[in-house]
Amino acid sequence: MKLWQSGGQQQQHSYYDKSGTITTGGTAQLLLPQSKSRSHLAIANNSTGVLMVQIGIAGATAVLTGKVVTSVTVGDAGFGFLVPPQVLFLGGGNSNDPASQGAAMPDWPAPTNAATGNATIANGTISAITLSNGGAGYLVAPYVAIIADRTDPTGVGTASATIGLPVGANGGSIFWNGTVCPTDAISIWGATTGQAFSCKWMT
């Protein structure tokens with residue numbers, strides 16, 4: 001099942017299955033915990049209603065005052081956290097580099113003095129993100145990345161009717177294979193109890 005020469009043809013590559021149903025309609029549930037590696041992942045909808053899949057943690061929003069991050073609003077508190085996730089402030093431009101103006105995406109430059117912060121969890125959810133340094137020199141609000149700790153397999157964002165990737169009814173699917181495949185924890189949401197899905201992956 002692996003791409004030719006990508007994993008060696010003399011090794012056994014098992015194909016795993018976590019297919020099931022929505023246990024409580026309208027409530028997100030953990031589909032897959034964080035993995036050390038995945039080379040293939042396929043999720044299909046075997047029901048008549050749309051399903052939503054959230055990979056990792058939906059971000060938070062940084063608020064700027066002048067050129068400094070002054071607060072962070074948590075957009076998705078997630079669930080299942082055992083360890084506070086890491087918080088990174090990415091992009092945001094640099095007032096010394098006019099070419100980076102408008103750079104709110106994570107792969108754009110950040111100021112030399114970038115913001116830093118920490119997440120706090122309570123009852124398995126993110127209760128707050130506290131700034132330890134607001135940074136300086138931002139042109140636009142940076143992208144706030146929330147990344148589950150590698151020792152925490154179950155912390156994940158909350159899929160909902162408005163959060164996640166939609167998987168269309170009656171055979172709709174999402175699929176990764178080859179050189180790119182997410183290893184984050186994954187949650188799934190469906191409006192109706194009993195909606196069926198299939199989930200298969202390879203490490």
# chains A, B, ... in the order shown; residues from 1 in each chain; ligands from 1

$ residues_around --residues "range 64-74 of chain A" --least-positions-apart "4" --cutoff "9 Å" --atoms "only C-alpha atoms" --output "list in words"
Ala58, Gly59, Ala60, Ser95, Ala115, Ile126, Ser127, Ala128, Ile129, Thr130, Leu131, Asn133, Gly134, Gly135, Ala136, Gly137, Tyr138, Leu139, Val140, Ala141, Pro142 and Val144 of chain A

$ residues_around --residues "range 50-54 of chain A" --least-positions-apart "6" --cutoff "6 Å" --atoms "only C-alpha atoms" --output "ChimeraX atom specification"
/A:159,164-169,186-190

$ residues_around --residues "range 76-85 of chain A" --least-positions-apart "6" --cutoff "12 Å" --atoms "only C-alpha atoms" --output "VMD selection string"
chain A and resid 27 to 34 54 to 61 117 to 130 144 to 160 162 to 164 185 to 187

$ atom_distance --atom1 "CA of Thr193 in chain A" --atom2 "CA of Ile174 in chain A"
21.1 Å

$ residues_around --residues "range 16-25 of chain A" --least-positions-apart "5" --cutoff "10 Å" --atoms "only C-alpha atoms" --output "list in words"
Leu31, Leu32, Leu41, Ala42, Ile43, Ala44, Asn45, Asn46, Ser47, Leu51, Ile188, Trp189, Gly190, Ala191, Thr192, Thr193, Gly194, Gln195, Ala196, Phe197, Ser198, Cys199, Lys200, Trp201, Met202 and Thr203 of chain A

$ write_last_selection --atoms "C-alpha atoms" --output "PDB file, in the first residue's frame"
ATOM      1  CA  LEU A  31     -12.016   9.505  15.803  1.00  0.00           C
ATOM      2  CA  LEU A  32      -8.244   8.934  15.944  1.00  0.00           C
ATOM      3  CA  LEU A  41      -5.519   8.095   5.779  1.00  0.00           C
ATOM      4  CA  ALA A  42      -9.000   7.709   4.311  1.00  0.00           C
ATOM      5  CA  ILE A  43     -12.301   8.749   5.914  1.00  0.00           C
ATOM      6  CA  ALA A  44     -15.596   8.018   4.128  1.00  0.00           C
ATOM      7  CA  ASN A  45     -19.190   8.895   4.967  1.00  0.00           C
ATOM      8  CA  ASN A  46     -21.536   5.904   4.757  1.00  0.00           C
ATOM      9  CA  SER A  47     -24.648   7.786   5.861  1.00  0.00           C
ATOM     10  CA  LEU A  51     -20.170  14.553   8.582  1.00  0.00           C
ATOM     11  CA  ILE A 188     -15.700  13.717  13.944  1.00  0.00           C
ATOM     12  CA  TRP A 189     -19.204  15.196  14.189  1.00  0.00           C
ATOM     13  CA  GLY A 190     -22.572  14.225  12.794  1.00  0.00           C
ATOM     14  CA  ALA A 191     -25.992  15.685  13.484  1.00  0.00           C
ATOM     15  CA  THR A 192     -27.660  12.309  13.981  1.00  0.00           C
ATOM     16  CA  THR A 193     -26.855   9.388  16.279  1.00  0.00           C
ATOM     17  CA  GLY A 194     -25.910   6.300  14.271  1.00  0.00           C
ATOM     18  CA  GLN A 195     -24.442   8.000  11.194  1.00  0.00           C
ATOM     19  CA  ALA A 196     -21.914   5.512   9.819  1.00  0.00           C
ATOM     20  CA  PHE A 197     -18.402   6.215   8.623  1.00  0.00           C
ATOM     21  CA  SER A 198     -15.296   4.276   7.662  1.00  0.00           C
ATOM     22  CA  CYS A 199     -11.799   5.292   8.724  1.00  0.00           C
ATOM     23  CA  LYS A 200      -8.714   3.435   7.522  1.00  0.00           C
ATOM     24  CA  TRP A 201      -5.054   4.330   7.818  1.00  0.00           C
ATOM     25  CA  MET A 202      -1.522   3.035   7.572  1.00  0.00           C
ATOM     26  CA  THR A 203       1.462   3.977   9.730  1.00  0.00           C
TER      27      THR A 203
END

$ select_by_dssp --residues "range 25-188 of chain A" --states "strand (DSSP E)" --output "tab-separated table (two decimals) with C-alpha atoms, in the first residue's frame"
chain	number	residue	atom	x	y	z
A	29	GLN	CA	-16.19	12.46	19.34
A	30	LEU	CA	-12.56	11.40	19.05
A	31	LEU	CA	-12.02	9.51	15.80
A	32	LEU	CA	-8.24	8.93	15.94
A	40	HIS	CA	-2.16	7.00	4.36
A	41	LEU	CA	-5.52	8.10	5.78
A	42	ALA	CA	-9.00	7.71	4.31
A	43	ILE	CA	-12.30	8.75	5.91
A	44	ALA	CA	-15.60	8.02	4.13
A	45	ASN	CA	-19.19	8.89	4.97
A	51	LEU	CA	-20.17	14.55	8.58
A	52	MET	CA	-17.56	17.07	9.76
A	53	VAL	CA	-13.95	16.09	10.52
A	54	GLN	CA	-11.58	18.30	12.52
A	55	ILE	CA	-7.86	17.54	12.23
A	60	ALA	CA	-7.23	31.03	18.23
A	61	THR	CA	-7.22	34.69	17.23
A	62	ALA	CA	-4.60	37.24	18.27
A	63	VAL	CA	-5.67	40.82	18.95
A	64	LEU	CA	-3.25	43.66	18.19
A	65	THR	CA	-3.06	47.06	19.85
A	68	VAL	CA	1.79	44.42	19.97
A	69	VAL	CA	-0.36	41.34	20.66
A	70	THR	CA	-2.49	42.30	23.65
A	71	SER	CA	-4.83	39.33	23.96
A	72	VAL	CA	-5.82	35.99	22.43
A	73	THR	CA	-9.36	34.74	21.90
A	74	VAL	CA	-9.78	30.97	21.92
A	86	GLN	CA	1.92	24.46	22.69
A	87	VAL	CA	1.02	27.95	21.45
A	88	LEU	CA	2.97	29.54	18.59
A	89	PHE	CA	2.54	33.00	17.06
A	90	LEU	CA	3.48	32.73	13.38
A	116	THR	CA	4.85	34.08	23.17
A	117	GLY	CA	2.13	32.53	25.30
A	118	ASN	CA	0.88	29.46	27.13
A	119	ALA	CA	-2.37	27.52	27.12
A	120	THR	CA	-4.18	26.49	30.28
A	121	ILE	CA	-6.47	23.46	30.36
A	122	ALA	CA	-9.39	22.67	32.64
A	125	THR	CA	-10.48	21.81	27.35
A	126	ILE	CA	-8.41	24.93	26.69
A	127	SER	CA	-9.64	27.44	29.25
A	128	ALA	CA	-7.32	30.32	28.30
A	129	ILE	CA	-4.22	31.40	26.41
A	130	THR	CA	-2.09	33.74	28.50
A	131	LEU	CA	0.53	35.99	26.93
A	132	SER	CA	4.03	35.92	28.38
A	133	ASN	CA	5.25	38.43	25.78
A	143	TYR	CA	-1.55	33.35	13.03
A	144	VAL	CA	-2.01	31.54	16.35
A	145	ALA	CA	-1.10	27.87	16.05
A	146	ILE	CA	-2.17	25.49	18.82
A	147	ILE	CA	-0.23	22.23	18.65
A	165	LEU	CA	-13.80	19.49	6.81
A	166	PRO	CA	-17.17	18.41	5.42
A	167	VAL	CA	-17.47	14.81	4.25
A	173	SER	CA	-14.61	10.99	1.42
A	174	ILE	CA	-11.36	12.72	2.30
A	175	PHE	CA	-8.06	11.04	1.56
A	176	TRP	CA	-4.31	11.51	2.06
A	177	ASN	CA	-1.60	9.30	0.63
A	186	ILE	CA	-8.94	13.83	14.66
A	187	SER	CA	-12.50	14.42	15.85
A	188	ILE	CA	-15.70	13.72	13.94

$ atom_distance --atom1 "CA of Pro106 in chain A" --atom2 "CA of Gly92 in chain A"
7.8 Å

$ atom_distance --atom1 "CA of Asp184 in chain A" --atom2 "CA of Thr48 in chain A"
26.9 Å

$ closest_residue --among "A:Pro109, A:Arg38, A:Gly93, A:Gly75" --to "His13 in chain A" --atoms "only C-alpha atoms"
A:Arg38

$ closest_residue --among "A:Pro182, A:Gly49, A:Gly26, A:Ser14" --to "Asn170 in chain A" --atoms "only C-alpha atoms"
A:Gly49
